Amino acid sequence: MAPPLLQLDGVTKRYGATLALNDVSFELRAGEVHALMGENGAGKSTLMKILAGNVPADAGRILIDDAPASIASPADAARNGIAIIHQELNTVPFMSVAENLALGSEPRGRFGGLDRRRMRREAEEKLGRINAEIDPDRPLGELSVGMQQMVEIARAVSEDARILVLDEPTAALSRRESEQLYALIEQMRGEGVGLIYISHRMEEVWRLSDRISVLRDGTYVGTGAASELDEGEVVSMMVGRNIEDLYHHVSRTPSAPLLEVRGLAGNGVGPVDLVLHRGEVVCMAGLIGSGRSETARMIFGADPRSAGEVHIDGRPSVPRDPAAAIRDGIGMVPENRKEEGLFLEHSVLDNIAITSLERLSVAGHVRRGSRRREVLEKMEQLRLRANAIDLPVEALSGGNQQKAAVARWLMRDSEVLIFDEPTRGVDIGAKREIYDLIDELARAGKAILVISSDLPEAIGIGDRLLVMRNGRIVHEMPSREATEEIVMMHATGAATTTNSARQEVTG
Amino acid sequence: MTDTSNSQQTAAEARTPFDFAKWWDRVGILVVLAGLVLFMALVAPNFTRVDNLLNILRAISINAILAAGMTFVILTGGIDLSVGSTVAVSGVVAVLAAISGVPAPLALLIGVASGALCGLVNGALSAYLALAPFIVTLGTMTFLRGLAYTLTEGRPIVSSTLSFKALGSGYFLGIPIPVYVMIAVYVAAWYALERTRFGRHVYAVGGNPKAARLAGVKVNRILTSVYVIAGACAGLAGLIFAARVISAQPTAGEGYELDAIAAVVLGGTALAGGRGRIIGTLIGSVILGVLTTGLILLNVPFFTQLLIKGAVIIFAVSIDSLKQRPQIFTAWRKK
């Protein structure tokens, strides 16, 4: 048998006193999709940074084609045929697709100027190799995230990458875009490329991968053929224990209506009507761009609305800005934790207290004793360790960051809570805690709206499910009657039989 | 939950060994100051004499007051290039008011208010029209300088009987009055930033304006306020300047904005906003003052003074930047 394409042997990496990777071994064959799984903080990113040449390993060997390879810089990684498609894309949005593809190796004309015609032709070739139908002249920033990712992959392929690492590639993709990506992965596998696939989505891992390796707390747990492992086994390898039922199917008893939205419109979305009751969790499903976040942001006053009424407990809420919506009793945990949710460099204390400073201060003077005491109370309630209170929030894991983002609304005692993708980029243990928290809040009489692109989650944690498509709520059903198929049919428009709807799915 | 407590432990544990970044954050700037004072005390004649030290304090008071206001602006991620011109305008306005018979306290109030008004223009344009502060204040810098020249018809207006000249040259209990003003400004600034809701909002807006808005902070109001504060500080500095030279000088404060920015950055405040301390700015101002006075005492030629001052600023700021990337230090240790 041919030697493995890539072998990692005893790779170890320390950050200060923390062992990020401890004696990790890993092997990748040509023409294989090898899924790498583990909770956040398990060491996947560190391993990828070492492969990319961004950080050096402290110990261990990297073998490519059975020969020791030294990967000290990103240039070394490229020379060894390693390409990484990051979650955050490394592209220049204002430049055209062709310019992005040529970045760093721009073709020169006769007088040393840029040869635009050749650059465009090469771009077409590169895109053609992965069967991507993208106009090379369009500014990259105008493309969807999925298309931008295709461009990144086209670049990797054009550089003859033999080892391709995909880090959560479908996290921001619509289902259709994901399908295109899967097809491309199959194609590359057929061409003998070795792919390392990092994902939290069980379904696609089983669908795509040949083998699965699991890391936990920086150590290598094991590898198995995907066909011989089941989800439960992999999850228990990842968390080191069995996770029973992740979702609650316990019944809550919603009471009086709390939030009533009528005819809400703006940003190309709407009109939207919806009602949230006290003690109820309502989930909102739909494709990326279907208007879910826009609806939430209009309710919260983060984006202007052109029409519509919002009532909270019968009182009208007409927020000019989030500050007003917060005063009316609404809280929102935004989709993009790092960009819009948190003050990463600031302490956990400051991050949690920010929404409650008005209550905690007398004539502008902050009562620091009660601020600290109340923040500690909320941290304890959310099982955040008390000694993290003065750490910058960026030092916490993704799940704990999310808890800090939620804690500020607990502190404020907001009545209506909107969670936009609350478990994105969060490990399974913390996911479970966030679900528990949502349940707890609903039982305490809050009204909760959860936007989720994770279908099992959208179906599993709520009482009622709303499906949005093209800026409108197209379907509503009790969560216990929902299935992934029904939701997808409504989200894509396949459930309606009109021609226009069909075109939306295919075009 | 075992896994969550683990991830927190790792975050906390990573900090237990000697952490240069944290250490430098706490005391680094003081080390630079102590080293500089020690050096000057050893080599510069008369440096440690009480009257010299008091002179240094008086000399730095104007820049330190400007830098205090600038700290608020930079903490929000902005910049104010117009404070030097505001020094001139407010000084001119106050002196003209005093000459025309307005009682001293009212003249002073008018001076500070004119500075605050300049700041209000900067702030409103930057916040509500979302213009880049660099450009807005570059514009007002030129405009206000023109205003100062226009009000004085281009000539200094001397008033040897200026009613508030004690503000510049007076002493109280043996200490120059500008030093008291400076201390009062810093106590107020410290209180505002560290102990009030407004201060927390300033840090929030600088740390992440989008998140601040979604957390209910009135971002535009905060942005406007910090420029008003910077303008009021510049107004105060302008009064001290005018009182010292007992005249309305249209050229007052030229280039002061850059010294103020240098003091803020020396003091460890990030130009990107959200991170920094007012006490650092005070120390940064003192470092610049000690350096300037010490070099004069050492008879270093003016041109060479500039070379040294520039080099010190770059040195201090690069250490601040290196601490953001500790791997550079680990790389050094390996070699």
# chains A, B, ... in the order shown; residues from 1 in each chain; ligands from 1
call {"tool": "closest_atom_pairs", "arguments": {"of": "stretch 148-218 of chain A", "to": "stretch 70-87 of chain A", "cutoff": "8 Å", "atoms": "only C-alpha atoms", "output": "JSON lines"}}
result
{"residue": "A:Gln149", "atom": "CA", "partner": "A:Ile85", "partner_atom": "CA", "distance": 7.6}
{"residue": "A:Glu152", "atom": "CA", "partner": "A:Ile85", "partner_atom": "CA", "distance": 6.8}
{"residue": "A:Ile153", "atom": "CA", "partner": "A:Ile85", "partner_atom": "CA", "distance": 7.0}
{"residue": "A:Ala156", "atom": "CA", "partner": "A:Ala83", "partner_atom": "CA", "distance": 5.8}
{"residue": "A:Glu159", "atom": "CA", "partner": "A:Gly81", "partner_atom": "CA", "distance": 7.6}
{"residue": "A:Asp160", "atom": "CA", "partner": "A:Gly81", "partner_atom": "CA", "distance": 6.3}
{"residue": "A:Ala161", "atom": "CA", "partner": "A:Gly81", "partner_atom": "CA", "distance": 4.2}
{"residue": "A:Arg162", "atom": "CA", "partner": "A:Gly81", "partner_atom": "CA", "distance": 5.1}
{"residue": "A:Ile163", "atom": "CA", "partner": "A:Ile82", "partner_atom": "CA", "distance": 4.7}
{"residue": "A:Leu164", "atom": "CA", "partner": "A:Ala83", "partner_atom": "CA", "distance": 5.0}
{"residue": "A:Val165", "atom": "CA", "partner": "A:Ile84", "partner_atom": "CA", "distance": 4.6}
{"residue": "A:Leu166", "atom": "CA", "partner": "A:Ile85", "partner_atom": "CA", "distance": 5.0}
{"residue": "A:Asp167", "atom": "CA", "partner": "A:His86", "partner_atom": "CA", "distance": 5.3}
{"residue": "A:Glu168", "atom": "CA", "partner": "A:Gln87", "partner_atom": "CA", "distance": 6.0}
{"residue": "A:Pro169", "atom": "CA", "partner": "A:Gln87", "partner_atom": "CA", "distance": 6.2}
{"residue": "A:Ala171", "atom": "CA", "partner": "A:Gln87", "partner_atom": "CA", "distance": 7.9}
call {"tool": "interface_residues", "arguments": {"of": "chain A", "to": "chain B", "cutoff": "8 Å", "atoms": "only C-alpha atoms", "output": "CSV table (one decimal) with N, CA and C atoms, in the first residue's frame"}}
result
chain,number,residue,atom,x,y,z
A,15,TYR,N,1.1,26.4,25.1
A,15,TYR,CA,0.9,27.8,25.2
A,15,TYR,C,1.1,28.1,26.7
A,16,GLY,N,2.2,28.7,27.1
A,16,GLY,CA,2.4,28.9,28.5
A,16,GLY,C,2.3,27.6,29.2
A,17,ALA,N,1.4,27.6,30.2
A,17,ALA,CA,1.2,26.3,31.0
A,17,ALA,C,0.2,25.4,30.4
A,18,THR,N,-0.4,25.8,29.3
A,18,THR,CA,-1.4,24.9,28.7
A,18,THR,C,-0.9,24.0,27.6
A,41,GLY,N,-11.8,23.9,21.6
A,41,GLY,CA,-10.7,23.8,22.6
A,41,GLY,C,-10.1,22.5,22.7
A,239,VAL,N,-16.6,14.0,24.2
A,239,VAL,CA,-16.9,14.6,25.5
A,239,VAL,C,-16.4,13.7,26.6
A,302,ALA,N,-32.7,47.5,16.1
A,302,ALA,CA,-31.3,47.6,15.6
A,302,ALA,C,-31.3,48.1,14.1
A,321,ASP,N,-34.0,52.9,18.6
A,321,ASP,CA,-32.7,52.3,18.7
A,321,ASP,C,-32.8,51.2,19.7
A,322,PRO,N,-31.7,50.3,19.8
A,322,PRO,CA,-31.8,49.2,20.7
A,322,PRO,C,-32.0,49.7,22.2
A,323,ALA,N,-31.4,50.9,22.5
A,323,ALA,CA,-31.6,51.4,23.9
A,323,ALA,C,-33.1,51.4,24.3
A,324,ALA,N,-33.9,51.9,23.3
A,324,ALA,CA,-35.3,52.0,23.6
A,324,ALA,C,-36.0,50.6,23.7
A,326,ILE,N,-34.6,47.9,24.6
A,326,ILE,CA,-34.2,47.3,25.9
A,326,ILE,C,-35.0,47.8,27.0
A,332,MET,N,-31.5,41.0,23.0
A,332,MET,CA,-31.2,40.2,21.9
A,332,MET,C,-29.7,39.7,22.0
A,339,GLU,N,-18.3,39.9,16.6
A,339,GLU,CA,-18.4,41.2,16.0
A,339,GLU,C,-19.5,42.1,16.7
A,340,GLU,N,-20.6,41.6,17.1
A,340,GLU,CA,-21.7,42.4,17.5
A,340,GLU,C,-22.1,42.2,19.0
A,341,GLY,N,-21.7,41.1,19.5
A,341,GLY,CA,-22.2,40.7,20.8
A,341,GLY,C,-21.3,41.2,22.0
A,342,LEU,N,-20.0,41.0,21.8
A,342,LEU,CA,-19.2,41.2,23.0
A,342,LEU,C,-18.1,42.2,22.8
A,343,PHE,N,-17.6,42.7,23.9
A,343,PHE,CA,-16.4,43.5,23.9
A,343,PHE,C,-15.2,42.6,24.3
A,344,LEU,N,-14.6,42.1,23.3
A,344,LEU,CA,-13.7,41.0,23.5
A,344,LEU,C,-12.5,41.3,24.5
A,345,GLU,N,-12.0,42.5,24.4
A,345,GLU,CA,-10.9,42.8,25.2
A,345,GLU,C,-11.3,43.2,26.6
A,346,HIS,N,-12.5,43.5,26.8
A,346,HIS,CA,-13.0,43.9,28.1
A,346,HIS,C,-13.4,42.7,29.0
A,350,ASP,N,-17.5,43.7,32.9
A,350,ASP,CA,-17.9,44.8,32.1
A,350,ASP,C,-18.9,44.3,31.0
A,354,ILE,N,-22.9,45.8,31.3
A,354,ILE,CA,-23.2,46.9,30.4
A,354,ILE,C,-24.6,47.3,30.3
A,355,THR,N,-25.6,46.3,30.2
A,355,THR,CA,-27.0,46.7,30.0
A,355,THR,C,-27.7,47.2,31.3
A,357,LEU,N,-26.2,49.2,33.7
A,357,LEU,CA,-25.5,50.2,34.5
A,357,LEU,C,-26.5,51.3,34.9
A,358,GLU,N,-27.6,51.5,34.2
A,358,GLU,CA,-28.6,52.5,34.6
A,358,GLU,C,-29.1,52.2,36.0
A,361,SER,N,-26.5,52.5,38.9
A,361,SER,CA,-25.8,53.7,39.2
A,361,SER,C,-26.7,54.8,39.8
A,364,GLY,N,-25.4,58.6,37.8
A,364,GLY,CA,-24.2,58.4,36.9
A,364,GLY,C,-23.1,57.7,37.6
A,365,HIS,N,-23.1,57.7,38.9
A,365,HIS,CA,-22.0,57.0,39.7
A,365,HIS,C,-22.3,55.5,39.8
A,366,VAL,N,-21.4,54.7,39.3
A,366,VAL,CA,-21.7,53.2,39.4
A,366,VAL,C,-21.4,52.7,40.8
A,368,ARG,N,-20.2,50.1,42.5
A,368,ARG,CA,-19.4,48.9,42.0
A,368,ARG,C,-19.6,47.7,42.9
A,383,ARG,N,-23.3,28.9,35.6
A,383,ARG,CA,-22.2,28.0,35.8
A,383,ARG,C,-20.9,28.5,35.1
A,384,LEU,N,-20.7,29.8,35.2
A,384,LEU,CA,-19.4,30.4,34.8
A,384,LEU,C,-18.6,30.5,36.1
A,385,ARG,N,-17.3,30.1,36.0
A,385,ARG,CA,-16.5,30.2,37.2
A,385,ARG,C,-16.2,31.6,37.7
A,388,ALA,N,-13.3,34.0,36.7
A,388,ALA,CA,-13.2,34.5,35.3
A,388,ALA,C,-13.7,35.9,35.3
A,391,LEU,N,-11.3,38.4,33.9
A,391,LEU,CA,-10.5,38.0,32.6
A,391,LEU,C,-11.2,38.7,31.4
A,395,ALA,N,-10.8,35.4,26.5
A,395,ALA,CA,-10.0,34.3,27.1
A,395,ALA,C,-10.9,33.1,27.3
A,396,LEU,N,-12.2,33.3,27.2
A,396,LEU,CA,-13.2,32.2,27.5
A,396,LEU,C,-13.4,31.4,26.2
A,397,SER,N,-13.9,30.1,26.4
A,397,SER,CA,-14.2,29.3,25.3
A,397,SER,C,-15.5,29.9,24.6
A,399,GLY,N,-18.4,28.6,24.1
A,399,GLY,CA,-19.6,28.4,24.9
A,399,GLY,C,-19.8,29.4,26.1
A,400,ASN,N,-18.6,29.6,26.7
A,400,ASN,CA,-18.7,30.5,27.9
A,400,ASN,C,-18.8,31.9,27.5
A,429,GLY,N,-21.1,20.3,25.0
A,429,GLY,CA,-21.3,20.5,26.4
A,429,GLY,C,-22.0,21.8,26.7
A,430,ALA,N,-21.5,22.9,26.0
A,430,ALA,CA,-22.0,24.2,26.3
A,430,ALA,C,-23.4,24.4,25.6
call {"tool": "residues_around", "arguments": {"residues": "A:Arg262", "least_positions_apart": "2", "cutoff": "8 Å", "atoms": "only C-alpha atoms", "output": "list of chain:residue names"}}
result
A:Glu260, A:Leu264, A:Pro271, A:Val272, A:Asp273, A:Leu274, A:Gly308, A:Glu309, A:Val310
call {"tool": "select_by_dssp", "arguments": {"residues": "stretch 39-68 of chain B", "states": "alpha helix (DSSP H)", "output": "list in words"}}
result
Phe39, Met40, Ala41, Leu42, Val43, Val50, Asp51, Asn52, Leu53, Leu54, Asn55, Ile56, Leu57, Arg58, Ala59, Ile60, Ser61, Ile62, Asn63, Ala64, Ile65, Leu66, Ala67 and Ala68 of chain B
call {"tool": "closest_atom_pairs", "arguments": {"of": "stretch 23-118 of chain A", "to": "stretch 199-219 of chain A", "cutoff": "6 Å", "atoms": "only C-alpha atoms", "output": "tab-separated table"}}
result
residue	atom	partner	partner_atom	distance
A:Val24	CA	A:Thr219	CA	5.9
A:Val33	CA	A:Ser209	CA	4.7
A:His34	CA	A:Arg211	CA	5.0
A:Ala35	CA	A:Ile212	CA	4.7
A:Leu36	CA	A:Ser213	CA	5.1
A:Met37	CA	A:Val214	CA	4.8
A:Gly38	CA	A:Leu215	CA	5.0
A:Ala42	CA	A:Asp217	CA	4.4
A:Gly43	CA	A:Gly218	CA	4.8
call {"tool": "atom_distance", "arguments": {"atom1": "atom CA of B:Ile314", "atom2": "atom CA of B:Gly280"}}
result
16.3 Å
call {"tool": "select_by_dssp", "arguments": {"residues": "stretch 289-474 of chain A", "states": "strand (DSSP E)", "output": "VMD selection string"}}
result
chain A and resid 307 to 312 315 to 316 330 to 333 361 to 362 365 to 366 416 to 420 447 to 451 464 to 469 472 to 474
call {"tool": "residues_around", "arguments": {"residues": "B:Ile65", "least_positions_apart": "2", "cutoff": "6 Å", "atoms": "only C-alpha atoms", "output": "MDAnalysis selection string"}}
result
chainID B and resid 62:63 67:68 182 233
call {"tool": "write_last_selection", "arguments": {"atoms": "N, CA, C and O atoms", "output": "PDB file, in the first residue's frame"}}
result
ATOM      1  N   ILE B  62      -0.123  72.225  30.446  1.00  0.00           N
ATOM      2  CA  ILE B  62      -0.953  72.487  29.260  1.00  0.00           C
ATOM      3  C   ILE B  62      -1.102  71.231  28.412  1.00  0.00           C
ATOM      4  O   ILE B  62      -2.214  70.806  28.072  1.00  0.00           O
ATOM      5  N   ASN B  63       0.037  70.576  28.121  1.00  0.00           N
ATOM      6  CA  ASN B  63      -0.053  69.359  27.316  1.00  0.00           C
ATOM      7  C   ASN B  63      -0.814  68.266  28.057  1.00  0.00           C
ATOM      8  O   ASN B  63      -1.600  67.521  27.461  1.00  0.00           O
ATOM      9  N   ALA B  67      -4.008  66.315  26.766  1.00  0.00           N
ATOM     10  CA  ALA B  67      -3.926  64.862  26.623  1.00  0.00           C
ATOM     11  C   ALA B  67      -5.047  64.169  27.389  1.00  0.00           C
ATOM     12  O   ALA B  67      -5.537  63.122  26.963  1.00  0.00           O
ATOM     13  N   ALA B  68      -5.481  64.763  28.508  1.00  0.00           N
ATOM     14  CA  ALA B  68      -6.583  64.163  29.270  1.00  0.00           C
ATOM     15  C   ALA B  68      -7.838  64.121  28.403  1.00  0.00           C
ATOM     16  O   ALA B  68      -8.508  63.086  28.294  1.00  0.00           O
ATOM     17  N   MET B 182      -4.339  71.104  36.498  1.00  0.00           N
ATOM     18  CA  MET B 182      -4.042  69.811  35.878  1.00  0.00           C
ATOM     19  C   MET B 182      -4.511  68.672  36.780  1.00  0.00           C
ATOM     20  O   MET B 182      -5.161  67.726  36.320  1.00  0.00           O
ATOM     21  N   CYS B 233     -11.303  70.730  27.483  1.00  0.00           N
ATOM     22  CA  CYS B 233      -9.935  70.634  27.998  1.00  0.00           C
ATOM     23  C   CYS B 233      -9.025  71.583  27.215  1.00  0.00           C
ATOM     24  O   CYS B 233      -8.176  72.269  27.797  1.00  0.00           O
TER      25      CYS B 233
END
call {"tool": "residues_around", "arguments": {"residues": "A:Phe300", "least_positions_apart": "3", "cutoff": "12 Å", "atoms": "only C-alpha atoms", "output": "PyMOL selection string"}}
result
(chain A and resi 259+261+264+293-297+303-305+310-312+317-334+414+416-420+449) or (chain B and resi 213-216)
call {"tool": "closest_residue", "arguments": {"among": "B:Ser225, B:Asn46, B:Ser85, B:Ser285", "to": "B:Gly146", "atoms": "only C-alpha atoms"}}
result
B:Ser85
call {"tool": "residues_around", "arguments": {"residues": "stretch 290-297 of chain B", "least_positions_apart": "2", "cutoff": "10 Å", "atoms": "only C-alpha atoms", "output": "MDAnalysis selection string"}}
result
chainID B and resid 33 36:37 39:41 43:47 52:53 55:57 59:60 284:288 299:302 304:306 308:309 312
call {"tool": "residues_around", "arguments": {"residues": "stretch 268-270 of chain B", "least_positions_apart": "6", "cutoff": "8 Å", "atoms": "only C-alpha atoms", "output": "MDAnalysis selection string"}}
result
chainID B and resid 25 29 71 74:75 276:277 280:281 317 320
call {"tool": "write_last_selection", "arguments": {"atoms": "N, CA, C and O atoms", "output": "PDB file, in the first residue's frame"}}
result
ATOM      1  N   ASP B  25       1.745  45.976  31.232  1.00  0.00           N
ATOM      2  CA  ASP B  25       0.501  46.723  31.336  1.00  0.00           C
ATOM      3  C   ASP B  25       0.431  47.482  32.655  1.00  0.00           C
ATOM      4  O   ASP B  25       0.020  48.629  32.711  1.00  0.00           O
ATOM      5  N   ILE B  29       5.133  51.553  31.964  1.00  0.00           N
ATOM      6  CA  ILE B  29       5.305  52.969  31.697  1.00  0.00           C
ATOM      7  C   ILE B  29       5.991  53.664  32.877  1.00  0.00           C
ATOM      8  O   ILE B  29       6.781  54.595  32.717  1.00  0.00           O
ATOM      9  N   THR B  71      -7.514  61.644  25.614  1.00  0.00           N
ATOM     10  CA  THR B  71      -7.672  60.247  26.036  1.00  0.00           C
ATOM     11  C   THR B  71      -9.113  59.779  25.822  1.00  0.00           C
ATOM     12  O   THR B  71      -9.349  58.671  25.339  1.00  0.00           O
ATOM     13  N   ILE B  74      -9.568  59.203  22.066  1.00  0.00           N
ATOM     14  CA  ILE B  74      -8.859  58.037  21.541  1.00  0.00           C
ATOM     15  C   ILE B  74      -9.450  56.745  22.093  1.00  0.00           C
ATOM     16  O   ILE B  74      -9.495  55.719  21.408  1.00  0.00           O
ATOM     17  N   LEU B  75      -9.964  56.790  23.321  1.00  0.00           N
ATOM     18  CA  LEU B  75     -10.605  55.592  23.872  1.00  0.00           C
ATOM     19  C   LEU B  75     -11.802  55.161  23.042  1.00  0.00           C
ATOM     20  O   LEU B  75     -12.164  53.982  23.018  1.00  0.00           O
ATOM     21  N   GLY B 276      -7.104  51.419  27.599  1.00  0.00           N
ATOM     22  CA  GLY B 276      -6.196  52.452  28.065  1.00  0.00           C
ATOM     23  C   GLY B 276      -6.630  53.007  29.408  1.00  0.00           C
ATOM     24  O   GLY B 276      -7.740  52.748  29.866  1.00  0.00           O
ATOM     25  N   ARG B 277      -5.728  53.780  30.036  1.00  0.00           N
ATOM     26  CA  ARG B 277      -6.020  54.339  31.350  1.00  0.00           C
ATOM     27  C   ARG B 277      -5.623  55.807  31.368  1.00  0.00           C
ATOM     28  O   ARG B 277      -4.602  56.185  30.816  1.00  0.00           O
ATOM     29  N   GLY B 280      -2.204  56.488  32.788  1.00  0.00           N
ATOM     30  CA  GLY B 280      -1.123  56.286  31.818  1.00  0.00           C
ATOM     31  C   GLY B 280      -0.844  57.564  31.041  1.00  0.00           C
ATOM     32  O   GLY B 280       0.312  57.915  30.792  1.00  0.00           O
ATOM     33  N   THR B 281      -1.908  58.270  30.674  1.00  0.00           N
ATOM     34  CA  THR B 281      -1.744  59.521  29.941  1.00  0.00           C
ATOM     35  C   THR B 281      -0.979  60.539  30.779  1.00  0.00           C
ATOM     36  O   THR B 281      -0.090  61.234  30.277  1.00  0.00           O
ATOM     37  N   VAL B 317       6.256  53.103  22.215  1.00  0.00           N
ATOM     38  CA  VAL B 317       5.056  52.571  21.570  1.00  0.00           C
ATOM     39  C   VAL B 317       5.319  51.187  20.984  1.00  0.00           C
ATOM     40  O   VAL B 317       4.446  50.330  20.995  1.00  0.00           O
ATOM     41  N   ASP B 320       4.871  48.644  23.550  1.00  0.00           N
ATOM     42  CA  ASP B 320       3.447  48.452  23.772  1.00  0.00           C
ATOM     43  C   ASP B 320       2.851  47.530  22.712  1.00  0.00           C
ATOM     44  O   ASP B 320       1.999  46.704  22.991  1.00  0.00           O
TER      45      ASP B 320
END
call {"tool": "closest_residue", "arguments": {"among": "A:Pro139, A:Gly60, A:Pro3, A:Gly266", "to": "A:Asn100", "atoms": "only C-alpha atoms"}}
result
A:Pro139
call {"tool": "atom_distance", "arguments": {"atom1": "atom CA of B:Ser114", "atom2": "atom CA of A:Ala363"}}
result
26.5 Å
